[in-house]
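Engineer: My file is final23.cif. It has mmCIF, C-alpha atoms:
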data_query
loop_
_atom_site.label_atom_id
_atom_site.label_comp_id
_atom_site.auth_asym_id
_atom_site.auth_seq_id
_atom_site.Cartn_x
_atom_site.Cartn_y
_atom_site.Cartn_z
CA MET A 1 97.44 75.44 -6.49
CA ASN A 2 100.68 76.21 -4.80
CA ARG A 3 101.18 76.94 -1.09
CA LEU A 4 101.14 80.67 -1.43
CA GLN A 5 97.85 80.69 -3.32
CA LYS A 6 96.28 78.49 -0.67
CA SER A 7 97.28 80.74 2.14
CA VAL A 8 96.00 83.85 0.34
CA LEU A 9 92.65 82.20 -0.31
CA THR A 10 92.39 81.15 3.33
CA ALA A 11 93.08 84.69 4.53
CA LEU A 12 90.52 86.13 2.14
CA CYS A 13 87.89 83.65 3.24
CA LEU A 14 88.58 84.41 6.90
CA ALA A 15 88.40 88.19 6.40
CA GLY A 16 85.21 87.89 4.38
CA SER A 17 83.48 85.69 6.90
CA LEU A 18 84.47 87.98 9.81
CA LEU A 19 83.17 91.03 7.98
CA LEU A 20 79.92 89.26 7.19
CA ALA A 21 79.55 88.12 10.76
CA SER A 22 80.11 91.67 12.15
CA CYS A 23 77.60 93.17 9.75
CA SER A 24 74.85 90.69 10.32
CA SER A 25 74.81 91.09 14.22
CA SER A 26 74.35 94.95 14.31
CA PRO A 27 70.94 96.48 15.13
CA SER A 28 69.02 98.03 12.25
CA GLU A 29 68.55 101.77 11.77
CA GLU A 30 64.98 101.58 13.07
CA GLU A 31 66.16 99.79 16.17
CA MET A 32 68.87 102.39 16.78
CA LYS A 33 66.29 105.17 16.36
CA ALA A 34 64.04 103.44 18.88
CA LEU A 35 66.92 103.30 21.36
CA ASN A 36 67.82 106.95 20.85
CA ASP A 37 64.17 107.99 21.23
CA LEU A 38 63.91 106.03 24.43
CA LYS A 39 67.10 107.64 25.79
CA ALA A 40 65.75 111.12 24.93
CA GLU A 41 62.48 110.31 26.68
CA VAL A 42 64.39 109.15 29.77
CA SER A 43 66.45 112.34 29.75
CA ALA A 44 63.31 114.52 29.54
CA LEU A 45 61.73 112.55 32.38
CA GLU A 46 64.86 113.00 34.53
CA SER A 47 64.71 116.74 33.98
CA LYS A 48 60.98 116.85 34.82
CA VAL A 49 61.54 114.84 38.01
CA ALA A 50 64.39 117.17 39.07
CA THR A 51 62.17 120.25 38.51
CA MET A 52 59.32 118.73 40.48
CA GLN A 53 61.66 117.79 43.32
CA ARG A 54 62.85 121.43 43.49
CA ASP A 55 59.24 122.67 43.44
CA LYS A 56 58.34 120.26 46.17
CA ALA A 57 61.26 121.41 48.34
CA GLY A 58 60.18 125.05 47.81
CA LEU A 59 56.61 124.28 48.76
CA GLU A 60 57.75 122.40 51.87
CA LYS A 61 59.80 125.44 52.90
CA GLN A 62 56.80 127.73 52.37
CA ILE A 63 54.63 125.43 54.47
CA ALA A 64 57.21 125.43 57.27
CA GLU A 65 57.23 129.25 57.21
CA LYS A 66 53.44 129.42 57.24
CA ASN A 67 53.34 126.99 60.15
CA GLY A 68 55.76 129.25 62.01
CA LYS A 69 53.59 132.31 61.29
CA LEU A 70 50.46 130.50 62.44
CA GLN A 71 52.13 129.48 65.69
CA GLN A 72 53.34 133.06 66.15
CA CYS A 73 49.82 134.38 65.56
CA GLN A 74 48.37 131.93 68.07
CA SER A 75 50.95 132.93 70.64
CA ASP A 76 50.21 136.63 69.89
CA GLN A 77 46.52 135.94 70.50
CA GLU A 78 47.31 134.48 73.91
CA ALA A 79 49.54 137.44 74.81
CA VAL A 80 46.89 139.97 73.70
CA LYS A 81 44.21 138.13 75.67
CA LYS A 82 46.40 138.36 78.77
CA GLY A 83 47.18 142.01 78.08
CA LEU A 84 43.51 142.92 77.67
CA ALA A 85 42.57 141.02 80.81
CA LYS A 86 44.89 143.19 82.92
CA MET B 1 106.30 85.41 -15.22
CA MET B 2 106.41 83.26 -12.16
CA LYS B 3 108.00 86.11 -10.23
CA ASN B 4 105.20 88.52 -11.21
CA ARG B 5 102.57 86.08 -10.10
CA ILE B 6 104.26 85.75 -6.71
CA THR B 7 104.36 89.52 -6.28
CA TYR B 8 100.68 89.75 -7.28
CA LEU B 9 99.71 87.14 -4.76
CA ARG B 10 101.71 88.86 -2.03
CA VAL B 11 99.85 92.11 -2.69
CA LEU B 12 96.55 90.23 -2.49
CA LEU B 13 97.65 88.75 0.83
CA VAL B 14 98.43 92.20 2.27
CA ILE B 15 95.06 93.52 1.07
CA ALA B 16 93.29 90.58 2.69
CA LEU B 17 95.05 91.19 5.99
CA VAL B 18 94.21 94.92 5.92
CA ALA B 19 90.57 94.08 5.13
CA LEU B 20 90.55 91.69 8.05
CA ALA B 21 91.94 94.32 10.42
CA LEU B 22 89.45 96.93 9.21
CA GLY B 23 86.55 94.53 9.51
CA THR B 24 87.48 93.75 13.08
CA LEU B 25 87.74 97.44 13.94
CA ILE B 26 84.37 98.27 12.40
CA ALA B 27 82.80 95.36 14.19
CA GLN B 28 84.20 96.65 17.49
CA GLU B 29 82.85 100.19 16.94
CA LYS B 30 79.39 99.10 15.90
CA MET B 31 76.88 98.16 18.58
CA THR B 32 76.00 94.54 18.63
CA LYS B 33 72.44 93.34 18.81
CA ASP B 34 73.06 92.08 22.34
CA GLN B 35 74.32 95.48 23.48
CA TRP B 36 71.31 97.16 21.87
CA GLN B 37 68.96 94.82 23.68
CA ALA B 38 70.71 95.46 27.00
CA ASP B 39 70.57 99.26 26.49
CA MET B 40 66.90 99.12 25.52
CA ALA B 41 66.11 97.08 28.61
CA ALA B 42 68.07 99.44 30.91
CA ALA B 43 66.49 102.58 29.42
CA GLY B 44 63.03 101.01 29.58
CA ALA B 45 63.50 100.14 33.24
CA LYS B 46 64.70 103.68 33.99
CA ARG B 47 61.67 105.15 32.21
CA THR B 48 59.35 102.99 34.27
CA ASP B 49 61.10 104.07 37.45
CA LEU B 50 61.02 107.77 36.51
CA ASN B 51 57.34 107.60 35.61
CA ALA B 52 56.64 106.08 39.00
CA GLN B 53 58.64 108.88 40.69
CA LEU B 54 56.74 111.47 38.69
CA THR B 55 53.38 110.03 39.68
CA LYS B 56 54.39 110.07 43.35
CA LEU B 57 55.76 113.62 43.11
CA THR B 58 52.57 114.86 41.47
CA ALA B 59 50.50 113.34 44.26
CA ASP B 60 52.84 114.82 46.90
CA MET B 61 52.63 118.28 45.32
CA THR B 62 48.83 118.16 45.24
CA ALA B 63 48.75 117.24 48.93
CA LEU B 64 51.27 119.97 49.80
CA LYS B 65 49.31 122.61 47.88
CA THR B 66 46.15 121.64 49.75
CA GLN B 67 48.07 121.89 53.03
CA SER B 68 49.48 125.28 52.04
CA ASP B 69 46.03 126.64 51.11
CA LYS B 70 44.61 125.45 54.43
CA LEU B 71 47.46 127.14 56.31
CA ASP B 72 46.77 130.40 54.45
CA ALA B 73 43.13 130.24 55.49
CA ASP B 74 44.00 129.35 59.10
CA LEU B 75 46.54 132.17 59.32
CA ARG B 76 44.11 134.73 57.96
CA ALA B 77 41.41 133.57 60.38
CA CYS B 78 43.87 133.78 63.27
CA GLU B 79 44.95 137.30 62.32
CA ASP B 80 41.35 138.44 61.84
CA ALA B 81 40.50 137.16 65.32
CA LEU B 82 43.57 138.88 66.76
CA TYR B 83 42.75 142.24 65.14
CA ALA B 84 39.10 141.92 66.21
CA MET B 85 40.24 141.44 69.82
CA LEU B 86 42.13 144.73 69.60
CA GLY B 87 39.43 146.53 67.62
CA VAL B 88 41.78 147.38 64.75
CA THR B 89 41.54 146.68 61.05
CA ARG B 90 43.97 144.77 58.88
CA ALA B 91 44.65 147.98 56.93
CA GLU B 92 45.63 149.79 60.14
CA VAL B 93 47.98 146.99 61.11
CA GLU B 94 49.54 147.00 57.65
CA ALA B 95 50.02 150.78 57.81
CA PHE B 96 51.59 150.43 61.28
CA ASP B 97 53.89 147.71 59.97
CA LYS B 98 54.94 149.84 57.00
CA GLU B 99 55.62 152.91 59.13
CA LEU B 100 57.69 150.81 61.50
CA GLY B 101 59.60 149.25 58.61
CA ASP B 102 60.36 152.67 57.09
CA MET B 103 61.56 153.96 60.45
CA GLU B 104 63.74 150.90 60.97
CA SER B 105 65.55 151.47 57.71
CA ARG B 106 65.91 155.21 58.38
CA VAL B 107 67.30 154.56 61.86
CA GLY B 108 69.76 152.13 60.27
CA GLU B 109 70.98 154.95 58.03
CA LEU B 110 71.20 157.39 60.94
CA GLN B 111 73.18 154.90 62.99
CA ARG B 112 75.88 154.89 60.32
CA MET B 113 76.30 158.68 60.58
CA SER B 114 78.88 160.47 62.69
CA ASP B 115 77.76 162.54 65.66
CA ALA B 116 78.46 165.71 63.68
CA GLU B 117 76.25 164.54 60.81
CA LEU B 118 73.56 163.49 63.24
CA LEU B 119 73.29 167.05 64.48
CA ASN B 120 71.83 168.00 61.10
CA HIS B 121 69.05 165.46 61.69
CA ARG B 122 68.22 166.51 65.22
CA ASP B 123 64.61 167.46 64.37
CA GLU B 124 63.99 164.23 62.51
CA ILE B 125 65.34 162.15 65.41
CA GLU B 126 63.25 164.07 67.90
CA ARG B 127 60.14 163.58 65.73
CA MET B 128 60.86 159.86 65.53
CA ASN B 129 61.29 159.68 69.28
CA THR B 130 57.91 161.34 69.82
CA ARG B 131 56.20 159.16 67.20
CA LEU B 132 57.64 155.97 68.70
CA GLY B 133 56.32 157.06 72.08
CA GLU B 134 52.85 157.33 70.51
CA MET B 135 53.23 154.03 68.69
CA SER B 136 54.22 152.21 71.87
CA LYS B 137 50.86 153.26 73.35
CA SER B 138 48.93 152.05 70.30
CA LYS B 139 46.73 148.97 70.60
CA ILE B 140 48.67 147.38 67.77
CA ALA B 141 51.81 147.49 69.91
CA MET B 142 50.04 145.03 72.23
CA ILE B 143 50.78 142.40 69.61
CA PRO B 144 54.15 141.14 70.88
CA ARG B 145 55.93 141.12 67.51
CA TYR B 146 55.03 144.80 66.98
CA GLY B 147 55.54 145.76 70.61
CA GLN B 148 59.04 144.30 70.52
CA ARG B 149 59.90 146.08 67.27
CA VAL B 150 58.67 149.41 68.61
CA GLN B 151 60.64 148.94 71.82
CA SER B 152 63.82 147.95 70.03
CA LEU B 153 63.52 150.91 67.64
CA HIS B 154 62.80 153.28 70.51
CA GLU B 155 65.99 152.12 72.23
CA LYS B 156 67.99 152.83 69.08
CA VAL B 157 66.44 156.28 68.70
CA THR B 158 67.14 157.01 72.36
CA ALA B 159 70.78 156.14 71.74
CA LEU B 160 70.79 158.53 68.76
CA MET B 161 69.32 161.24 70.99
CA GLY B 162 72.17 160.55 73.40
CA SER B 163 74.71 161.06 70.62
CA ILE B 164 73.17 164.41 69.76
CA SER B 165 73.11 165.63 73.33
CA LYS B 166 76.82 164.85 73.68
CA GLU B 167 77.34 168.11 71.81
CA LYS B 168 79.48 170.63 73.68
CA SER B 169 78.11 173.97 74.74
CA TYR B 170 79.61 177.24 75.90
CA THR B 171 78.00 179.90 78.07
CA VAL B 172 78.95 183.37 76.90
CA GLY B 173 80.61 185.60 79.46
CA THR B 174 81.00 189.39 79.29
CA TRP B 175 83.39 191.26 77.00
CA ALA B 176 84.74 193.25 79.90
CA ARG B 177 85.56 190.23 81.99
CA ASN B 178 85.99 187.31 79.57
CA ARG B 179 86.72 189.04 76.28
CA ASP B 180 84.14 186.69 74.72
CA CYS B 181 83.51 187.05 71.01
CA LEU B 182 83.14 184.22 68.46
CA TRP B 183 86.79 184.58 67.42
CA ASN B 184 88.05 184.33 71.03
CA ILE B 185 85.66 181.50 71.91
CA ALA B 186 86.79 179.46 68.88
CA ARG B 187 90.41 180.10 69.91
CA LYS B 188 89.96 178.50 73.33
CA LYS B 189 91.86 175.24 73.79
CA ASP B 190 88.77 173.32 74.96
CA ILE B 191 86.66 174.65 72.07
CA TYR B 192 88.48 174.49 68.70
CA ALA B 193 91.89 175.91 69.60
CA ASN B 194 91.57 177.73 66.25
CA PRO B 195 90.04 181.22 65.96
CA TRP B 196 89.30 180.71 62.23
CA MET B 197 86.66 178.17 63.25
CA TRP B 198 84.39 180.96 64.58
CA PRO B 199 81.92 180.62 61.62
CA LYS B 200 81.14 177.08 62.81
CA ILE B 201 79.82 178.46 66.10
CA TRP B 202 77.93 181.17 64.24
CA GLN B 203 76.27 178.73 61.82
CA GLY B 204 75.54 176.24 64.59
CA ASN B 205 73.66 178.90 66.52
CA ARG B 206 71.79 180.77 63.78
CA ASP B 207 68.69 180.74 65.99
CA LYS B 208 70.49 183.05 68.45
CA ILE B 209 73.25 184.76 66.51
CA LYS B 210 71.83 187.05 63.83
CA ASP B 211 74.99 189.17 63.65
CA PRO B 212 78.26 187.36 64.37
CA ASP B 213 79.67 190.52 65.90
CA VAL B 214 76.96 190.46 68.55
CA ILE B 215 76.72 187.74 71.18
CA LYS B 216 75.16 188.30 74.55
CA PRO B 217 76.30 187.21 78.01
CA LYS B 218 74.67 184.06 79.41
CA TRP B 219 73.76 182.74 75.96
CA VAL B 220 74.41 179.00 75.83
CA LEU B 221 76.02 178.37 72.48
CA LYS B 222 76.18 174.94 70.88
CA ILE B 223 79.70 173.99 69.82
CA PRO B 224 79.26 171.81 66.73
CA GLU B 225 81.70 168.95 66.29
CA GLY B 226 84.34 169.06 63.58
CA LYS B 227 87.85 170.25 62.89
CA GLU B 228 87.17 172.01 59.63
CA LEU B 229 84.61 174.42 58.28
CA SER B 230 81.94 172.97 56.03
CA LYS B 231 81.24 174.52 52.61
CA SER B 232 78.22 176.41 53.93
CA GLU B 233 80.21 177.70 56.91
CA LYS B 234 83.01 178.90 54.63
CA ALA B 235 80.43 180.57 52.36
CA ALA B 236 78.84 182.30 55.35
CA ALA B 237 82.25 183.50 56.54
CA ASN B 238 83.17 184.81 53.07
CA SER B 239 79.87 186.62 52.82
CA TYR B 240 80.54 188.19 56.23
CA TYR B 241 84.06 189.31 55.23
CA ARG B 242 82.78 190.82 51.95
CA LYS B 243 80.03 192.63 53.79
CA LYS B 244 82.55 194.03 56.28
CA ALA B 245 84.92 195.09 53.50
CA SER B 246 82.20 196.96 51.62
CA ALA B 247 80.72 198.62 54.72
CA PRO B 248 81.71 202.23 55.38
CA GLU B 249 84.46 202.63 57.93
CA GLY B 250 83.35 202.84 61.53
CA ASN B 251 80.77 200.00 61.08
#
Please render this file's structure as structure tokens.

Structural biologist:
Amino acid sequence: MNRLQKSVLTALCLAGSLLLASCSSSPSEEEMKALNDLKAEVSALESKVATMQRDKAGLEKQIAEKNGKLQQCQSDQEAVKKGLAK
Amino acid sequence: MMKNRITYLRVLLVIALVALALGTLIAQEKMTKDQWQADMAAAGAKRTDLNAQLTKLTADMTALKTQSDKLDADLRACEDALYAMLGVTRAEVEAFDKELGDMESRVGELQRMSDAELLNHRDEIERMNTRLGEMSKSKIAMIPRYGQRVQSLHEKVTALMGSISKEKSYTVGTWARNRDCLWNIARKKDIYANPWMWPKIWQGNRDKIKDPDVIKPKWVLKIPEGKELSKSEKAAANSYYRKKASAPEGN
């Protein structure tokens, strides 16, 4: 075997082993599907959390308004009491 | 022969190198098992965190809804007690509120009108003024938020009344002394300074002037604002001119 043949064989062996190594360390299709499913679930949960946070903020605003109305009503009651007492 | 073999081997060498390069590239693009495991762990942790957030948010929402329902009940009870003190029903208060709201929007529209336009709504403004006087004496107006609204609206209507009463007037003199007729009155510098505006005085005083050729001394005529005749005033003038043209001479 001359020098050239040796070097070609070496290169082929190297390329083959690298290709084999890269193929053998990748996740399987099932594993990739599991990862994608998990990511989709996370995305749906993020969206649900964002919606609930908006709903919560809206409800808090409504409560603040109702509190204001209740205070106003109580103050109206006091004023009417005074007015009727005159 | 030897030369061909060398060429063949060189080609094989190039192919091997290309295969090596491609293999490396593919390996770089593909996810490794380690990366997959790291991604799975990160996504799993995020899911756990989001589920915890969701549980907390659900509990918060339930508590807030309970609080909101309680506030509704408290507010209703407070209002019922307030109305009972005054001896009025909720329906009466709601009707009062609606009437006030309608008047507020109407007054807003009237406030955007010119004084001349307002004159056409004199009756409406006067009616509102009277009604607001009645409303201010209503028991419901004892509730400060309604009392304040009625007062504020009354002030606005009073201002509108002021705009209407800014209208000029003219007291008719005698023909012998003042040569007063609608034409001559309209011609006066402090009236319209334009005799052709006489139909405006006529139409603005239809309650008094039945025949524009006849005005009586001591009548106080309203002098409507404006520098031009409106369509209806022009139509009235044209009708008058036609009537005069068709009447037998001497009339």

Engineer: Where does the PyMOL selection byres ((chain A and resi 74) around 12) land in this file, that is, which residues does it pick, as a list in words?

Structural biologist: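 What the PyMOL selection byres ((chain A and resi 74) around 12) grabs from the file is Asn67, Gly68, Lys69, Leu70, Gln71, Gln72, Cys73, Ser75, Asp76, Gln77, Glu78, Ala79, Val80 and Lys81 of chain A; Asp74, Leu75, Arg76, Ala77, Cys78, Glu79, Asp80, Ala81, Leu82, Ile143, Pro144 and Arg145 of chain B.
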
Engineer: Could you take the residues named above and write them with C-alpha atoms, as a short mmCIF file (atom, residue, chain, number, x, y, z; two decimals), in the frame of the given file?

Structural biologist:
data_model
loop_
_atom_site.label_atom_id
_atom_site.label_comp_id
_atom_site.auth_asym_id
_atom_site.auth_seq_id
_atom_site.Cartn_x
_atom_site.Cartn_y
_atom_site.Cartn_z
CA ASN A 67 53.34 126.99 60.15
CA GLY A 68 55.76 129.25 62.01
CA LYS A 69 53.59 132.31 61.29
CA LEU A 70 50.46 130.50 62.44
CA GLN A 71 52.13 129.48 65.69
CA GLN A 72 53.34 133.06 66.15
CA CYS A 73 49.82 134.38 65.56
CA SER A 75 50.95 132.93 70.64
CA ASP A 76 50.21 136.63 69.89
CA GLN A 77 46.52 135.94 70.50
CA GLU A 78 47.31 134.48 73.91
CA ALA A 79 49.54 137.44 74.81
CA VAL A 80 46.89 139.97 73.70
CA LYS A 81 44.21 138.13 75.67
CA ASP B 74 44.00 129.35 59.10
CA LEU B 75 46.54 132.17 59.32
CA ARG B 76 44.11 134.73 57.96
CA ALA B 77 41.41 133.57 60.38
CA CYS B 78 43.87 133.78 63.27
CA GLU B 79 44.95 137.30 62.32
CA ASP B 80 41.35 138.44 61.84
CA ALA B 81 40.50 137.16 65.32
CA LEU B 82 43.57 138.88 66.76
CA ILE B 143 50.78 142.40 69.61
CA PRO B 144 54.15 141.14 70.88
CA ARG B 145 55.93 141.12 67.51
#

Engineer: Rank B:Leu86, B:Met113, B:Met161, B:Leu229 by their smallest atom-to-atom distance to Gly204 (chain B), using only C-alpha atoms, and report the top residue only.

Structural biologist: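 The answer is B:Leu229, which sits nearest to Gly204 (chain B).
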
Engineer: For a quick check of understanding, using all atoms listed in the file, which of B:Val93, B:Ala41, B:Val88, B:Leu54 has the smallest distance to chain A?

Structural biologist: B:Leu54

Engineer: When you draw a straight line from CA of Asp55 (chain A) to CA of Asp37 (chain A), how long is it in Å?

Structural biologist: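 For CA of Asp55 (chain A) relative to CA of Asp37 (chain A), the distance reads 27.1 Å.
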
Engineer: Got a sec: who's within 12 Å of Met52 (chain A), counting only C-alpha atoms, leaving out chain neighbours fewer than 3 positions off, as a list in words?

Structural biologist: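 Within the cut-off, the hits are Leu45, Glu46, Ser47, Lys48, Val49, Asp55, Lys56, Ala57, Gly58 and Leu59 of chain A; Leu50, Gln53, Leu54, Thr55, Lys56, Leu57, Thr58, Ala59, Asp60, Met61 and Thr62 of chain B.
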
Engineer: Could the residues in this selection be saved with C-alpha atoms as a tab-separated table (two decimals), in the coordinates of the input?

Structural biologist:
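Writing the result to again.tsv gives the following:
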chain	number	residue	atom	x	y	z
A	45	LEU	CA	61.73	112.55	32.38
A	46	GLU	CA	64.86	113.00	34.53
A	47	SER	CA	64.71	116.74	33.98
A	48	LYS	CA	60.98	116.85	34.82
A	49	VAL	CA	61.54	114.84	38.01
A	55	ASP	CA	59.24	122.67	43.44
A	56	LYS	CA	58.34	120.26	46.17
A	57	ALA	CA	61.26	121.41	48.34
A	58	GLY	CA	60.18	125.05	47.81
A	59	LEU	CA	56.61	124.28	48.76
B	50	LEU	CA	61.02	107.77	36.51
B	53	GLN	CA	58.64	108.88	40.69
B	54	LEU	CA	56.74	111.47	38.69
B	55	THR	CA	53.38	110.03	39.68
B	56	LYS	CA	54.39	110.07	43.35
B	57	LEU	CA	55.76	113.62	43.11
B	58	THR	CA	52.57	114.86	41.47
B	59	ALA	CA	50.50	113.34	44.26
B	60	ASP	CA	52.84	114.82	46.90
B	61	MET	CA	52.63	118.28	45.32
B	62	THR	CA	48.83	118.16	45.24

Engineer: Just to confirm, what's the straight-line distance from CA of Asn205 (chain B) to CA of Tyr170 (chain B) in Å (one decimal)?

Structural biologist: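 Separation between CA of Asn205 (chain B) and CA of Tyr170 (chain B): 11.2 Å.
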
Engineer: Grab the CA of Ala235 (chain B) to CA of Trp175 (chain B) distance for me, in Å with one decimal place.

Structural biologist: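 Atom-to-atom, CA of Ala235 (chain B) and CA of Trp175 (chain B) are spaced 27.0 Å apart.
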
Engineer: B:Lys139, B:Lys222, B:Lys98, B:Arg112: which is nearest Ser169 (chain B), counting all atoms listed in the file?

Structural biologist: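 So, comparing all the options, the nearest one is B:Lys222.
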
Engineer: Which is closest to chain B among A:Ala85, A:Ala50, A:Leu35, A:Ala44, if we use all atoms listed in the file?

Structural biologist: A:Leu35

Engineer: Using only C-alpha atoms, which residue out of B:Ala116, B:Ile125, B:Ala176, B:Ala237 lies closest to Trp202 (chain B)?

Structural biologist: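 For Trp202 (chain B), the nearest of the given residues is B:Ala237.
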
Engineer: Could you check which of B:Tyr146, B:Tyr241, B:Phe96, B:Tyr192 is closest to chain A, using only C-alpha atoms?

Structural biologist: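 Answer, going by the shortest atom-to-atom distance: B:Tyr146.
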
Engineer: Could you list the residues chosen by the PyMOL selection byres ((chain B and resi 162) around 12) in this structure as a ChimeraX atom specification?

Structural biologist: /B:111,115,118-119,122,125-126,129,155-161,163-167

Engineer: I would like the residues chosen by the PyMOL selection byres ((chain B and resi 173) around 12) on the shown file; could you give them as a VMD selection string?

Structural biologist: chain B and resid 170 to 172 174 to 182 184 to 185 215 to 221
